[in-house]
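J.: Next comes the structure file target14.cif, holding mmCIF, C-alpha atoms and all ligand atoms.
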```cif
data_model
#
loop_
_atom_site.label_atom_id
_atom_site.label_comp_id
_atom_site.auth_asym_id
_atom_site.auth_seq_id
_atom_site.Cartn_x
_atom_site.Cartn_y
_atom_site.Cartn_z
CA MET A 907 -22.05 5.67 -14.23
CA LEU A 908 -20.01 3.15 -16.22
CA GLU A 909 -21.15 -0.46 -16.16
CA PHE A 910 -18.20 -2.82 -16.35
CA ALA A 911 -18.36 -6.38 -17.50
CA ASP A 912 -18.40 -8.76 -14.57
CA ARG A 913 -15.20 -10.41 -15.72
CA MET A 914 -13.22 -7.23 -14.96
CA SER A 915 -13.64 -7.85 -11.24
CA ARG A 916 -12.15 -11.33 -11.65
CA LEU A 917 -8.76 -10.23 -12.99
CA GLY A 918 -5.89 -10.83 -10.59
CA THR A 919 -2.58 -9.04 -10.49
CA ASP A 920 1.11 -9.82 -10.18
CA SER A 921 2.17 -9.23 -6.58
CA ALA A 922 5.82 -9.01 -7.63
CA PHE A 923 4.98 -5.70 -9.35
CA ASP A 924 3.14 -4.52 -6.26
CA VAL A 925 6.17 -5.34 -4.08
CA LEU A 926 8.38 -3.57 -6.64
CA SER A 927 6.37 -0.36 -6.49
CA ARG A 928 6.42 -0.37 -2.67
CA ALA A 929 10.18 -1.04 -2.80
CA LYS A 930 10.70 1.85 -5.24
CA ALA A 931 8.73 4.19 -2.96
CA LEU A 932 11.02 3.25 -0.05
CA GLU A 933 14.10 3.75 -2.23
CA ALA A 934 12.81 7.20 -3.16
CA GLN A 935 12.88 7.99 0.59
CA GLY A 936 16.57 7.01 0.66
CA ARG A 937 16.16 3.42 1.96
CA SER A 938 18.44 0.65 0.68
CA ILE A 939 16.44 -2.20 -0.83
CA ILE A 940 17.75 -5.50 -2.21
CA HIS A 941 15.48 -6.66 -5.00
CA LEU A 942 14.71 -10.35 -4.76
CA GLY A 943 11.11 -9.82 -5.80
CA ILE A 944 10.79 -9.54 -9.54
CA GLY A 945 11.48 -12.61 -11.68
CA GLN A 946 13.80 -11.59 -14.45
CA PRO A 947 17.41 -12.44 -15.24
CA ASP A 948 19.88 -9.68 -14.35
CA PHE A 949 22.03 -10.45 -17.41
CA PRO A 950 21.96 -8.59 -20.74
CA PRO A 951 20.88 -10.49 -23.85
CA PRO A 952 23.85 -11.73 -25.92
CA ASP A 953 25.46 -9.06 -28.14
CA HIS A 954 24.76 -10.93 -31.37
CA VAL A 955 21.05 -10.86 -30.52
CA ILE A 956 21.07 -7.10 -30.04
CA GLU A 957 23.03 -6.69 -33.29
CA ALA A 958 20.46 -8.78 -35.17
CA ALA A 959 17.64 -6.49 -34.02
CA ILE A 960 19.59 -3.38 -35.05
CA LYS A 961 20.38 -4.93 -38.42
CA ALA A 962 16.72 -5.80 -38.96
CA MET A 963 15.78 -2.17 -38.37
CA ARG A 964 18.52 -0.93 -40.71
CA ASP A 965 17.43 -3.48 -43.31
CA GLY A 966 13.98 -1.93 -43.29
CA HIS A 967 11.93 -4.42 -41.29
CA HIS A 968 9.43 -1.92 -39.93
CA GLY A 969 6.12 -3.27 -41.14
CA TYR A 970 3.63 -5.84 -39.97
CA THR A 971 4.75 -9.43 -40.24
CA PRO A 972 2.55 -12.50 -40.72
CA SER A 973 0.42 -12.82 -37.59
CA LEU A 974 1.90 -16.20 -36.65
CA GLY A 975 5.41 -14.75 -36.96
CA ILE A 976 8.01 -14.71 -39.73
CA LEU A 977 8.64 -18.13 -41.24
CA PRO A 978 12.44 -18.17 -40.61
CA LEU A 979 11.78 -17.66 -36.91
CA ARG A 980 9.17 -20.42 -36.76
CA GLU A 981 11.60 -22.65 -38.66
CA ALA A 982 14.35 -21.77 -36.18
CA VAL A 983 12.08 -22.74 -33.26
CA ALA A 984 11.22 -26.05 -34.95
CA ALA A 985 14.92 -26.74 -35.67
CA ASP A 986 15.80 -25.95 -32.07
CA TYR A 987 13.21 -28.44 -30.78
CA LEU A 988 14.53 -31.07 -33.14
CA GLY A 989 18.17 -30.38 -32.32
CA ARG A 990 17.98 -30.07 -28.54
CA GLN A 991 14.99 -32.19 -27.62
CA LYS A 992 14.69 -34.51 -30.63
CA LEU A 993 11.06 -33.44 -30.92
CA LYS A 994 9.52 -32.95 -34.32
CA VAL A 995 7.22 -29.94 -34.57
CA SER A 996 6.17 -28.23 -37.74
CA PRO A 997 6.75 -24.47 -38.19
CA ASP A 998 3.01 -24.35 -39.01
CA GLN A 999 2.20 -25.24 -35.42
CA ILE A 1000 4.23 -22.38 -33.99
CA GLN A 1001 2.77 -19.03 -33.05
CA ILE A 1002 5.12 -16.17 -32.17
CA VAL A 1003 3.59 -13.91 -29.52
CA PRO A 1004 4.54 -10.78 -27.57
CA GLY A 1005 5.72 -12.72 -24.50
CA GLY A 1006 4.94 -16.28 -23.53
CA LYS A 1007 2.25 -15.08 -21.11
CA VAL A 1008 -0.01 -14.37 -24.07
CA ILE A 1009 -0.35 -18.12 -24.66
CA ILE A 1010 -1.86 -18.54 -21.19
CA LEU A 1011 -4.65 -16.08 -21.94
CA PHE A 1012 -5.18 -17.50 -25.44
CA ALA A 1013 -5.50 -21.08 -24.17
CA CYS A 1014 -7.85 -19.99 -21.39
CA LEU A 1015 -9.97 -17.98 -23.83
CA MET A 1016 -10.09 -20.96 -26.16
CA PHE A 1017 -11.30 -23.44 -23.54
CA GLY A 1018 -12.69 -21.43 -20.64
CA GLU A 1019 -16.29 -20.38 -20.21
CA GLU A 1020 -18.96 -20.48 -17.55
CA GLY A 1021 -19.73 -24.02 -16.52
CA GLY A 1022 -16.23 -25.24 -17.44
CA GLU A 1023 -13.34 -26.01 -15.13
CA ILE A 1024 -9.63 -25.46 -15.64
CA LEU A 1025 -7.01 -27.11 -13.43
CA TYR A 1026 -3.93 -25.12 -12.49
CA PRO A 1027 -0.92 -25.48 -10.16
CA ASN A 1028 -1.04 -23.85 -6.73
CA PRO A 1029 1.23 -22.21 -5.70
CA GLY A 1030 1.64 -21.07 -9.28
CA PHE A 1031 2.21 -18.16 -11.61
CA PHE A 1032 -0.59 -15.67 -10.80
CA THR A 1033 -1.78 -15.37 -14.42
CA TYR A 1034 -3.17 -18.91 -14.45
CA GLU A 1035 -5.91 -18.34 -11.91
CA SER A 1036 -6.56 -14.81 -13.11
CA ALA A 1037 -6.91 -15.75 -16.80
CA ILE A 1038 -9.12 -18.74 -15.98
CA ALA A 1039 -11.45 -16.66 -13.79
CA PHE A 1040 -11.56 -13.93 -16.44
CA THR A 1041 -13.07 -16.39 -18.93
CA GLY A 1042 -15.84 -17.35 -16.49
CA ALA A 1043 -14.54 -20.90 -16.01
CA ASP A 1044 -13.92 -22.20 -12.49
CA PRO A 1045 -10.23 -22.23 -11.54
CA ILE A 1046 -9.56 -25.59 -9.82
CA PRO A 1047 -6.21 -25.62 -8.04
CA TYR A 1048 -4.08 -28.70 -7.56
CA PRO A 1049 -1.43 -28.46 -4.86
CA LEU A 1050 2.31 -28.47 -5.35
CA LEU A 1051 3.62 -29.63 -2.01
CA GLN A 1052 7.00 -29.41 -0.32
CA LYS A 1053 6.85 -33.13 0.47
CA ASN A 1054 6.91 -33.80 -3.29
CA ALA A 1055 9.70 -31.26 -3.86
CA PHE A 1056 6.96 -29.03 -5.30
CA ALA A 1057 6.34 -31.32 -8.25
CA PHE A 1058 2.78 -32.33 -9.07
CA ASP A 1059 1.49 -35.72 -8.02
CA ALA A 1060 0.03 -37.21 -11.21
CA ASP A 1061 -2.61 -39.29 -9.41
CA ASP A 1062 -3.75 -36.27 -7.43
CA VAL A 1063 -4.04 -34.14 -10.58
CA LEU A 1064 -5.95 -36.87 -12.43
CA SER A 1065 -8.31 -37.29 -9.47
CA ARG A 1066 -9.42 -33.67 -9.86
CA ILE A 1067 -10.60 -34.09 -13.45
CA THR A 1068 -14.40 -33.97 -13.79
CA PRO A 1069 -16.71 -34.01 -16.81
CA LYS A 1070 -16.48 -30.20 -16.69
CA THR A 1071 -12.68 -30.08 -17.01
CA ARG A 1072 -11.61 -28.43 -20.27
CA LEU A 1073 -7.96 -27.63 -19.73
CA LEU A 1074 -5.10 -28.65 -17.44
CA ILE A 1075 -2.25 -26.21 -16.91
CA LEU A 1076 1.21 -27.54 -16.04
CA ASN A 1077 4.37 -25.63 -15.27
CA SER A 1078 7.76 -27.27 -14.93
CA PRO A 1079 10.30 -26.00 -13.96
CA ALA A 1080 7.94 -23.95 -11.85
CA ASN A 1081 7.42 -20.42 -10.71
CA PRO A 1082 7.40 -19.71 -7.72
CA THR A 1083 8.87 -22.91 -6.26
CA GLY A 1084 11.62 -23.94 -8.70
CA GLY A 1085 10.11 -27.46 -8.56
CA VAL A 1086 10.71 -29.78 -11.51
CA ALA A 1087 8.28 -32.54 -12.46
CA PRO A 1088 10.17 -35.85 -12.63
CA ARG A 1089 9.81 -38.04 -15.69
CA LEU A 1090 7.95 -40.67 -13.68
CA GLN A 1091 5.17 -38.22 -12.80
CA MET A 1092 5.05 -36.86 -16.35
CA ASP A 1093 4.72 -40.39 -17.76
CA ARG A 1094 2.01 -41.25 -15.24
CA LEU A 1095 0.09 -38.10 -15.99
CA ALA A 1096 0.35 -38.56 -19.75
CA LYS A 1097 -0.84 -42.16 -19.46
CA GLY A 1098 -3.72 -41.16 -17.17
CA LEU A 1099 -4.80 -38.38 -19.51
CA GLU A 1100 -5.45 -40.93 -22.23
CA LYS A 1101 -8.66 -41.70 -20.33
CA PHE A 1102 -9.78 -38.07 -20.60
CA PRO A 1103 -9.69 -37.24 -24.31
CA LYS A 1104 -11.67 -34.02 -23.85
CA VAL A 1105 -9.05 -32.41 -21.61
CA ALA A 1106 -6.53 -30.15 -23.34
CA VAL A 1107 -3.14 -29.49 -21.71
CA LEU A 1108 -1.23 -26.22 -21.54
CA SER A 1109 2.37 -26.96 -20.59
CA ASP A 1110 4.25 -23.83 -19.54
CA GLU A 1111 7.90 -24.69 -20.22
CA ILE A 1112 9.34 -21.18 -20.11
CA TYR A 1113 12.03 -22.22 -17.57
CA GLY A 1114 12.84 -25.44 -19.45
CA ARG A 1115 16.50 -24.55 -19.96
CA ILE A 1116 17.19 -23.31 -16.44
CA LEU A 1117 17.91 -26.54 -14.58
CA TYR A 1118 20.35 -27.70 -11.89
CA ASP A 1119 21.72 -30.82 -10.21
CA GLY A 1120 21.13 -33.02 -13.25
CA HIS A 1121 17.37 -32.39 -13.35
CA GLU A 1122 16.00 -33.03 -16.81
CA HIS A 1123 13.29 -31.16 -18.63
CA VAL A 1124 10.58 -33.48 -19.89
CA SER A 1125 8.45 -31.66 -22.44
CA MET A 1126 4.78 -32.56 -22.71
CA LEU A 1127 5.38 -32.72 -26.45
CA ARG A 1128 7.06 -36.09 -25.95
CA TYR A 1129 3.78 -37.89 -25.57
CA ASP A 1130 2.43 -38.87 -28.97
CA SER A 1131 -0.87 -39.99 -27.48
CA LEU A 1132 -1.57 -36.37 -26.49
CA CYS A 1133 -0.28 -34.63 -29.61
CA ASP A 1134 -3.70 -33.39 -30.69
CA ARG A 1135 -4.31 -31.55 -27.41
CA VAL A 1136 -1.01 -30.37 -25.92
CA ILE A 1137 -0.11 -26.68 -26.16
CA VAL A 1138 3.43 -25.70 -25.17
CA LEU A 1139 4.36 -22.22 -23.97
CA ASP A 1140 8.00 -21.17 -24.24
CA GLY A 1141 10.01 -18.15 -25.28
CA TRP A 1142 13.08 -15.99 -25.09
CA SER A 1143 12.32 -14.00 -21.91
CA LYS A 1144 14.11 -16.18 -19.39
CA THR A 1145 16.51 -18.27 -21.50
CA TYR A 1146 18.06 -15.30 -23.31
CA ALA A 1147 17.34 -12.64 -20.67
CA MET A 1148 14.96 -10.79 -22.99
CA THR A 1149 11.95 -10.11 -20.75
CA GLY A 1150 11.44 -6.59 -22.06
CA TRP A 1151 11.55 -7.57 -25.72
CA ARG A 1152 8.20 -9.32 -25.42
CA LEU A 1153 8.94 -12.36 -27.48
CA GLY A 1154 7.54 -15.81 -26.82
CA PHE A 1155 5.89 -18.66 -28.64
CA GLY A 1156 3.24 -21.30 -28.42
CA ILE A 1157 3.34 -24.71 -30.07
CA TRP A 1158 -0.24 -25.66 -30.83
CA PRO A 1159 -1.78 -28.88 -32.10
CA LYS A 1160 -2.34 -28.50 -35.86
CA ALA A 1161 -6.12 -28.19 -35.48
CA LEU A 1162 -5.84 -25.37 -32.94
CA VAL A 1163 -3.19 -23.08 -34.35
CA HIS A 1164 -5.62 -21.23 -36.61
CA LYS A 1165 -7.97 -20.59 -33.72
CA ALA A 1166 -5.05 -19.15 -31.75
CA ASP A 1167 -4.09 -17.07 -34.76
CA GLY A 1168 -7.64 -15.74 -34.90
CA ILE A 1169 -7.29 -14.39 -31.37
CA ALA A 1170 -3.90 -12.83 -32.21
CA ILE A 1171 -5.29 -11.10 -35.30
CA ASN A 1172 -8.01 -9.57 -33.15
CA CYS A 1173 -5.51 -8.55 -30.52
CA HIS A 1174 -1.86 -7.69 -31.23
CA SER A 1175 -1.69 -8.53 -34.99
CA CYS A 1176 1.95 -9.62 -34.82
CA VAL A 1177 5.16 -9.21 -32.85
CA ASN A 1178 7.49 -6.37 -33.84
CA ALA A 1179 9.79 -7.48 -36.64
CA PRO A 1180 13.22 -6.57 -35.15
CA ALA A 1181 12.48 -8.69 -32.06
CA GLN A 1182 11.64 -11.62 -34.31
CA TYR A 1183 14.94 -11.33 -36.17
CA ALA A 1184 16.70 -11.13 -32.81
CA GLY A 1185 14.88 -14.32 -31.84
CA ILE A 1186 16.41 -16.14 -34.82
CA ALA A 1187 19.90 -14.96 -33.85
CA ALA A 1188 19.32 -16.13 -30.27
CA LEU A 1189 18.35 -19.65 -31.35
CA GLU A 1190 20.88 -20.07 -34.13
CA GLY A 1191 23.85 -18.30 -32.55
CA PRO A 1192 26.25 -19.50 -29.83
CA GLN A 1193 24.50 -20.74 -26.68
CA ASP A 1194 27.36 -20.00 -24.29
CA SER A 1195 25.50 -17.05 -22.74
CA VAL A 1196 22.74 -19.44 -21.65
CA THR A 1197 25.26 -21.89 -20.19
CA HIS A 1198 27.05 -19.06 -18.41
CA MET A 1199 23.85 -17.57 -17.00
CA VAL A 1200 22.61 -20.92 -15.68
CA ALA A 1201 26.03 -21.61 -14.10
CA GLU A 1202 25.89 -18.23 -12.37
CA PHE A 1203 22.33 -18.85 -11.18
CA ASP A 1204 23.47 -22.19 -9.83
CA LYS A 1205 26.19 -20.56 -7.68
CA ARG A 1206 23.65 -18.09 -6.32
CA ARG A 1207 21.10 -20.84 -5.78
CA ARG A 1208 23.55 -22.79 -3.65
CA ALA A 1209 24.48 -19.67 -1.69
CA ILE A 1210 20.90 -18.60 -1.01
CA VAL A 1211 19.69 -22.09 -0.07
CA ALA A 1212 22.64 -22.66 2.28
CA GLY A 1213 22.26 -19.17 3.76
CA ILE A 1214 18.53 -19.59 4.38
CA ASN A 1215 18.96 -23.04 5.92
CA ALA A 1216 21.56 -21.62 8.30
CA ILE A 1217 18.83 -19.40 9.79
CA PRO A 1218 16.88 -21.10 12.57
CA ASP A 1219 13.14 -21.20 11.75
CA LEU A 1220 13.61 -21.19 7.96
CA LYS A 1221 13.80 -24.29 5.77
CA CYS A 1222 14.51 -24.24 2.07
CA LEU A 1223 14.57 -27.11 -0.41
CA ALA A 1224 17.15 -26.82 -3.18
CA PRO A 1225 15.10 -25.85 -6.23
CA GLY A 1226 15.76 -27.97 -9.32
CA GLY A 1227 15.07 -25.24 -11.85
CA ALA A 1228 14.12 -21.60 -12.62
CA PHE A 1229 15.69 -18.89 -10.40
CA TYR A 1230 13.52 -18.86 -7.32
CA ALA A 1231 14.04 -20.12 -3.79
CA PHE A 1232 10.84 -20.89 -1.89
CA PRO A 1233 11.64 -21.31 1.79
CA ASN A 1234 9.18 -22.47 4.40
CA ILE A 1235 8.81 -19.69 6.98
CA THR A 1236 6.23 -21.27 9.28
CA GLY A 1237 8.86 -21.55 12.01
CA THR A 1238 8.85 -17.75 12.35
CA GLY A 1239 5.18 -17.70 13.40
CA LEU A 1240 4.41 -15.03 10.82
CA SER A 1241 2.12 -15.38 7.83
CA SER A 1242 3.78 -15.02 4.47
CA LYS A 1243 2.21 -11.57 3.88
CA GLU A 1244 3.39 -10.40 7.30
CA MET A 1245 6.88 -11.68 6.51
CA GLU A 1246 6.84 -9.99 3.09
CA SER A 1247 6.00 -6.62 4.74
CA LYS A 1248 8.44 -7.07 7.59
CA LEU A 1249 11.28 -7.91 5.22
CA LEU A 1250 10.55 -4.96 2.98
CA ASN A 1251 9.92 -2.37 5.67
CA GLU A 1252 12.38 -3.43 8.34
CA ALA A 1253 15.16 -5.28 6.48
CA GLY A 1254 15.05 -3.66 3.04
CA ILE A 1255 14.54 -6.96 1.20
CA ALA A 1256 11.96 -7.19 -1.56
CA ALA A 1257 10.54 -10.73 -1.68
CA VAL A 1258 7.07 -12.00 -2.54
CA SER A 1259 4.76 -13.77 -0.11
CA GLY A 1260 3.97 -17.36 -1.01
CA ALA A 1261 0.27 -16.69 -0.49
CA SER A 1262 0.38 -14.36 -3.50
CA PHE A 1263 0.77 -17.51 -5.61
CA GLY A 1264 -2.28 -19.22 -4.16
CA LYS A 1265 -3.49 -20.72 -0.90
CA TYR A 1266 -0.99 -23.59 -0.92
CA GLY A 1267 1.78 -20.99 -0.96
CA GLU A 1268 0.89 -19.79 2.55
CA GLY A 1269 3.81 -20.32 4.89
CA TYR A 1270 6.40 -19.66 2.19
CA LEU A 1271 8.24 -16.74 0.61
CA ARG A 1272 9.58 -16.42 -2.91
CA PHE A 1273 13.07 -15.04 -3.37
CA SER A 1274 14.23 -14.47 -6.92
CA TYR A 1275 18.00 -14.97 -6.88
CA ALA A 1276 18.46 -13.19 -10.19
CA ASN A 1277 20.66 -10.67 -8.39
CA SER A 1278 24.39 -10.36 -7.75
CA MET A 1279 26.13 -12.65 -5.28
CA GLU A 1280 27.12 -9.58 -3.28
CA ASN A 1281 23.49 -8.50 -2.94
CA ILE A 1282 22.38 -12.03 -2.10
CA GLU A 1283 24.96 -12.22 0.67
CA GLU A 1284 23.85 -8.88 2.08
CA ALA A 1285 20.19 -9.98 1.84
CA LEU A 1286 21.02 -13.17 3.77
CA ARG A 1287 22.70 -11.12 6.48
CA ARG A 1288 19.66 -8.84 6.75
CA LEU A 1289 17.29 -11.82 6.64
CA ALA A 1290 19.06 -13.59 9.52
CA GLU A 1291 18.92 -10.45 11.62
CA CYS A 1292 15.26 -9.78 10.80
CA VAL A 1293 14.13 -13.35 11.54
CA SER A 1294 16.04 -13.43 14.82
CA THR A 1295 14.02 -10.43 16.04
CA SER A 1296 10.68 -11.79 14.85
CA PRO A 1297 8.12 -12.54 17.60
CA LYS A 1298 6.87 -16.12 17.29
CA LYS A 1299 3.12 -15.64 17.45
CA SER A 1300 2.23 -18.83 15.69
CA ILE A 1301 -0.78 -18.50 13.41
CA PHE A 1302 -0.18 -22.03 12.18
CA ALA A 1303 -0.48 -23.78 15.53
C1 LIG B 1401 5.73 -19.55 -15.24
C2 LIG B 1401 5.79 -18.40 -16.17
N1 LIG B 1401 5.19 -18.50 -17.36
C3 LIG B 1401 5.18 -17.49 -18.24
C4 LIG B 1401 5.81 -16.30 -17.95
C5 LIG B 1401 5.71 -15.18 -18.94
O1 LIG B 1401 6.85 -14.97 -19.67
P1 LIG B 1401 6.93 -13.78 -20.72
O2 LIG B 1401 7.71 -12.69 -20.07
O3 LIG B 1401 7.63 -14.38 -21.90
O4 LIG B 1401 5.55 -13.34 -21.05
C6 LIG B 1401 6.46 -16.14 -16.73
C7 LIG B 1401 7.10 -14.86 -16.38
O5 LIG B 1401 7.42 -14.56 -15.27
C8 LIG B 1401 6.45 -17.22 -15.81
O6 LIG B 1401 7.05 -17.13 -14.61
#
```
Represent the supplied structure as structure tokens.
Ligand SMILES: Cc1ncc(COP(=O)(O)O)c(C=O)c1O
T.:
Amino acid sequence: MLEFADRMSRLGTDSAFDVLSRAKALEAQGRSIIHLGIGQPDFPPPDHVIEAAIKAMRDGHHGYTPSLGILPLREAVAADYLGRQKLKVSPDQIQIVPGGKVIILFACLMFGEEGGEILYPNPGFFTYESAIAFTGADPIPYPLLQKNAFAFDADDVLSRITPKTRLLILNSPANPTGGVAPRLQMDRLAKGLEKFPKVAVLSDEIYGRILYDGHEHVSMLRYDSLCDRVIVLDGWSKTYAMTGWRLGFGIWPKALVHKADGIAINCHSCVNAPAQYAGIAALEGPQDSVTHMVAEFDKRRRAIVAGINAIPDLKCLAPGGAFYAFPNITGTGLSSKEMESKLLNEAGIAAVSGASFGKYGEGYLRFSYANSMENIEEALRRLAECVSTSPKKSIFA
């Protein structure tokens, strides 16, 4: 009889992978499925990035690298922040990790323990709640509501801080809603946080370059008053369509980077060297692939939002960033899990229930529009048909 640590029962999982495996099982039976579930760009990384990885291998970069990452890559990240965002960060503050997600666990491990509280967005990326609970800290959700275009309300977030709060997690542009925090709310939050000097902030900015309709990305690094306690998560997965390369980074306050490095040394040691060289090429090379990808996403975003809003009973705000649409489905009378199953089993559309992203996601569905326009159009046709045959047994009345 094995005795597992309690924390193992507190780990959550990514429902998008669960939907994917059910979708694959249906495909194996010959069913046609349109994949709007998983959140990854359907573009290849730029050629010069692939070439840089191959060259690194041919040049003999097969060994361990420094645990924080190779210096030229950390310098390239710092130069990119200075060039694009006019933000000065030192390469010494940058930690290269195997995927940005690692920074979430590291920050939670650093601040979370029994008796502590960590605030996180809800609906939000599943890892937040899971990683917080894993550490023994209490996950305290703050809602992202449709009436605020799924951006946080700074006063509401600040009102949830207690003497037990150790860490506040932010995510803008957001998964699963595509919501973007406006500068006004960011400023208000940053100002308010000055009153809570013991609260660290993890700002997940992985979708920071995927923005539409003139929305701007306001990095938490802008606020000098918080510079000793803001951690930024970013990476190559979404911007350069490199999800499988497992390459991301954290920008840590100077006093914390060595603690984060200590966790890395006990865990993955370092990121594989060819991926790191590819990361330099991505940042220093032409950026037209990013511009092209975002322009394509924008066309699909407009198509999916218009198509969903043309269906009676569904309402979808135009997301300001990322590549997710998050329509309100309460008009159908089905719960979001019921709708997820119905769409998959009856219409052949893989989408993820809003409730999978937390209780405030109930009544919504997440569609990732990182798929071809042709598939999106077919999905919209199937969706309209499926919703029109849905019995309205309102559970929300
Ligand atoms: C909000 C958010 N943060 C972090 C990540 C993790 O990115 P990576 O693949 O670089 O680990 C994801 C991936 O889906 C995400 O949606």
J.: Check which residues fall inside 10 Å of ligand LIG 1401 (chain B) when counting all atoms listed in the file, and print them as an mmCIF file with C-alpha atoms, keeping the file's coordinate frame.
T.:
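That gives us part.cif:
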```cif
data_model
loop_
_atom_site.group_PDB
_atom_site.id
_atom_site.type_symbol
_atom_site.label_atom_id
_atom_site.label_comp_id
_atom_site.auth_asym_id
_atom_site.auth_seq_id
_atom_site.Cartn_x
_atom_site.Cartn_y
_atom_site.Cartn_z
ATOM 1 C CA ASP A 920 1.110 -9.820 -10.180
ATOM 2 C CA ALA A 922 5.820 -9.010 -7.630
ATOM 3 C CA ILE A 944 10.790 -9.540 -9.540
ATOM 4 C CA GLY A 945 11.480 -12.610 -11.680
ATOM 5 C CA GLN A 946 13.800 -11.590 -14.450
ATOM 6 C CA VAL A 1003 3.590 -13.910 -29.520
ATOM 7 C CA PRO A 1004 4.540 -10.780 -27.570
ATOM 8 C CA GLY A 1005 5.720 -12.720 -24.500
ATOM 9 C CA GLY A 1006 4.940 -16.280 -23.530
ATOM 10 C CA LYS A 1007 2.250 -15.080 -21.110
ATOM 11 C CA VAL A 1008 -0.010 -14.370 -24.070
ATOM 12 C CA ILE A 1009 -0.350 -18.120 -24.660
ATOM 13 C CA ILE A 1010 -1.860 -18.540 -21.190
ATOM 14 C CA GLY A 1030 1.640 -21.070 -9.280
ATOM 15 C CA PHE A 1031 2.210 -18.160 -11.610
ATOM 16 C CA PHE A 1032 -0.590 -15.670 -10.800
ATOM 17 C CA THR A 1033 -1.780 -15.370 -14.420
ATOM 18 C CA TYR A 1034 -3.170 -18.910 -14.450
ATOM 19 C CA LEU A 1076 1.210 -27.540 -16.040
ATOM 20 C CA ASN A 1077 4.370 -25.630 -15.270
ATOM 21 C CA SER A 1078 7.760 -27.270 -14.930
ATOM 22 C CA PRO A 1079 10.300 -26.000 -13.960
ATOM 23 C CA ALA A 1080 7.940 -23.950 -11.850
ATOM 24 C CA ASN A 1081 7.420 -20.420 -10.710
ATOM 25 C CA PRO A 1082 7.400 -19.710 -7.720
ATOM 26 C CA GLY A 1084 11.620 -23.940 -8.700
ATOM 27 C CA SER A 1109 2.370 -26.960 -20.590
ATOM 28 C CA ASP A 1110 4.250 -23.830 -19.540
ATOM 29 C CA GLU A 1111 7.900 -24.690 -20.220
ATOM 30 C CA ILE A 1112 9.340 -21.180 -20.110
ATOM 31 C CA TYR A 1113 12.030 -22.220 -17.570
ATOM 32 C CA LEU A 1139 4.360 -22.220 -23.970
ATOM 33 C CA ASP A 1140 8.000 -21.170 -24.240
ATOM 34 C CA GLY A 1141 10.010 -18.150 -25.280
ATOM 35 C CA TRP A 1142 13.080 -15.990 -25.090
ATOM 36 C CA SER A 1143 12.320 -14.000 -21.910
ATOM 37 C CA LYS A 1144 14.110 -16.180 -19.390
ATOM 38 C CA THR A 1145 16.510 -18.270 -21.500
ATOM 39 C CA ALA A 1147 17.340 -12.640 -20.670
ATOM 40 C CA MET A 1148 14.960 -10.790 -22.990
ATOM 41 C CA THR A 1149 11.950 -10.110 -20.750
ATOM 42 C CA GLY A 1150 11.440 -6.590 -22.060
ATOM 43 C CA TRP A 1151 11.550 -7.570 -25.720
ATOM 44 C CA ARG A 1152 8.200 -9.320 -25.420
ATOM 45 C CA LEU A 1153 8.940 -12.360 -27.480
ATOM 46 C CA GLY A 1154 7.540 -15.810 -26.820
ATOM 47 C CA PHE A 1155 5.890 -18.660 -28.640
ATOM 48 C CA ALA A 1228 14.120 -21.600 -12.620
ATOM 49 C CA PHE A 1229 15.690 -18.890 -10.400
ATOM 50 C CA TYR A 1230 13.520 -18.860 -7.320
#
```
J.: Using only C-alpha atoms, find the one residue out of A:Met1279, A:Ala959, A:Ala1201, A:Ala1187 that sits nearest to A:Arg1115.
T.: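 Looking only at the distances to A:Arg1115, the closest residue turns out to be A:Ala1201.
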J.: Using Å and a single decimal, report how far atom CA of A:Lys1205 sits from atom CA of A:Ile1235.
T.: 22.8 Å
J.: From the list A:Lys1265, A:Lys930, A:Lys1097, A:Arg916, which residue is nearest A:Pro1049 when using all atoms listed in the file?
T.: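 Of A:Lys1265, A:Lys930, A:Lys1097, A:Arg916, the one nearest A:Pro1049, counting all atoms listed in the file, is A:Lys1265.
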J.: Which one of A:Leu1250, A:Phe1263, A:Pro1218, A:Pro1069 sits closest to A:Ser1294 if you count all atoms listed in the file?
T.: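 Closest to A:Ser1294 of all the choices is A:Pro1218.
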J.: Pick out the residues sitting within 8 Å of A:Gln999, and hand them over as a list in words; count all atoms listed in the file, and ignore anything fewer than 6 positions along from it in its own chain.
T.: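 My list of contacting residues is Ile1157, Trp1158, Pro1159, Lys1160 and Val1163 of chain A.
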